[in-house]
Amino acid sequence: MFDTNRDDGPDHLYELERESKVRELITHLKRSEKSYVRRRAAEMLGNVRGMDETEEHKTVDALIRTVRGDDDDRVRAAAVEALNARGEDAFDRLVEELADVEFEGDGRAAVELLGEWLDADRAEFRMVAATALGERGVSAAVPKLISRFADP
């Protein structure tokens, strides 16, 4: 079993990124108790190149789960950025999932959450929300989307 708290300092994480240790980075992203470690793991997963198809799929899955479920907004924002860095297909998967699936947990519909994300402080959330609401074609969201045209 991989111990996420064994050595998760910056040097250890950089080594994992440099050596393209995708599985270990995903483990840190999913299991570390330290939010800064999860955030750095997400960022690094956006940077790793040369993954095979299986690693790419597992990476995108882990990042999407992080966007949907991590309790730290900085970690979730880093996961959005990492998906964007992984390329259009990865970002499109995130948008499709957010546009098509209702959220578990507190029972709120994805549209409600995405509406809240349009007003979020973090640009990453606003970008995803606008894209996903556009995909969903929810007419009630149009006024909010129009108000975001001037968003830097």
# chains A, B, ... in the order shown; residues from 1 in each chain; ligands from 1

$ residues_around --residues "Leu45 in chain A" --least-positions-apart "4" --cutoff "8 Å" --atoms "only C-alpha atoms" --output "PDB file with N, CA and C atoms, in the first residue's frame"
ATOM      1  N   GLU A  17       6.530  13.902 -10.252  1.00  0.00           N
ATOM      2  CA  GLU A  17       6.179  14.543 -11.527  1.00  0.00           C
ATOM      3  C   GLU A  17       7.282  14.320 -12.559  1.00  0.00           C
ATOM      4  N   VAL A  22       2.417   8.659 -12.370  1.00  0.00           N
ATOM      5  CA  VAL A  22       1.021   9.068 -12.397  1.00  0.00           C
ATOM      6  C   VAL A  22       0.227   8.414 -11.271  1.00  0.00           C
ATOM      7  N   LEU A  25       0.929  10.079  -7.974  1.00  0.00           N
ATOM      8  CA  LEU A  25       0.345  11.422  -7.906  1.00  0.00           C
ATOM      9  C   LEU A  25      -1.168  11.344  -7.688  1.00  0.00           C
ATOM     10  N   ILE A  26      -1.815  10.410  -8.374  1.00  0.00           N
ATOM     11  CA  ILE A  26      -3.262  10.229  -8.188  1.00  0.00           C
ATOM     12  C   ILE A  26      -3.559   9.818  -6.746  1.00  0.00           C
ATOM     13  N   ALA A  41      -0.558  17.942  -6.284  1.00  0.00           N
ATOM     14  CA  ALA A  41      -0.713  16.711  -7.073  1.00  0.00           C
ATOM     15  C   ALA A  41      -1.609  16.975  -8.278  1.00  0.00           C
ATOM     16  N   THR A  59      -6.202   9.449 -14.859  1.00  0.00           N
ATOM     17  CA  THR A  59      -5.877  10.807 -14.432  1.00  0.00           C
ATOM     18  C   THR A  59      -7.088  11.720 -14.576  1.00  0.00           C
ATOM     19  N   ALA A  82      -5.900  21.659 -14.217  1.00  0.00           N
ATOM     20  CA  ALA A  82      -5.182  20.476 -14.703  1.00  0.00           C
ATOM     21  C   ALA A  82      -5.936  19.817 -15.849  1.00  0.00           C
TER      22      ALA A  82
END

$ residues_around --residues "Asp119 in chain A" --least-positions-apart "3" --cutoff "12 Å" --atoms "only C-alpha atoms" --output "ChimeraX atom specification"
/A:112-116,122-130,144-145,147-148,151

$ select_by_dssp --residues "range 18-115 of chain A" --states "alpha helix (DSSP H)" --output "VMD selection string"
chain A and resid 18 22 to 31 35 to 47 53 to 69 73 to 86 88 to 100 110 to 115

$ closest_residue --among "A:Asp92, A:Glu81, A:Asp61, A:Glu15" --to "Ala42 in chain A" --atoms "only C-alpha atoms"
A:Glu81

$ residues_around --residues "Leu94 in chain A" --least-positions-apart "6" --cutoff "12 Å" --atoms "only C-alpha atoms" --output "ChimeraX atom specification"
/A:60-68,79-84,86-88,100-101,125,127-129,131-132,135

$ atom_distance --atom1 "CA of Arg38 in chain A" --atom2 "CA of Val75 in chain A"
6.3 Å

$ closest_residue --among "A:Arg18, A:Gly134, A:Lys30, A:Glu24" --to "Asp70 in chain A" --atoms "only C-alpha atoms"
A:Lys30
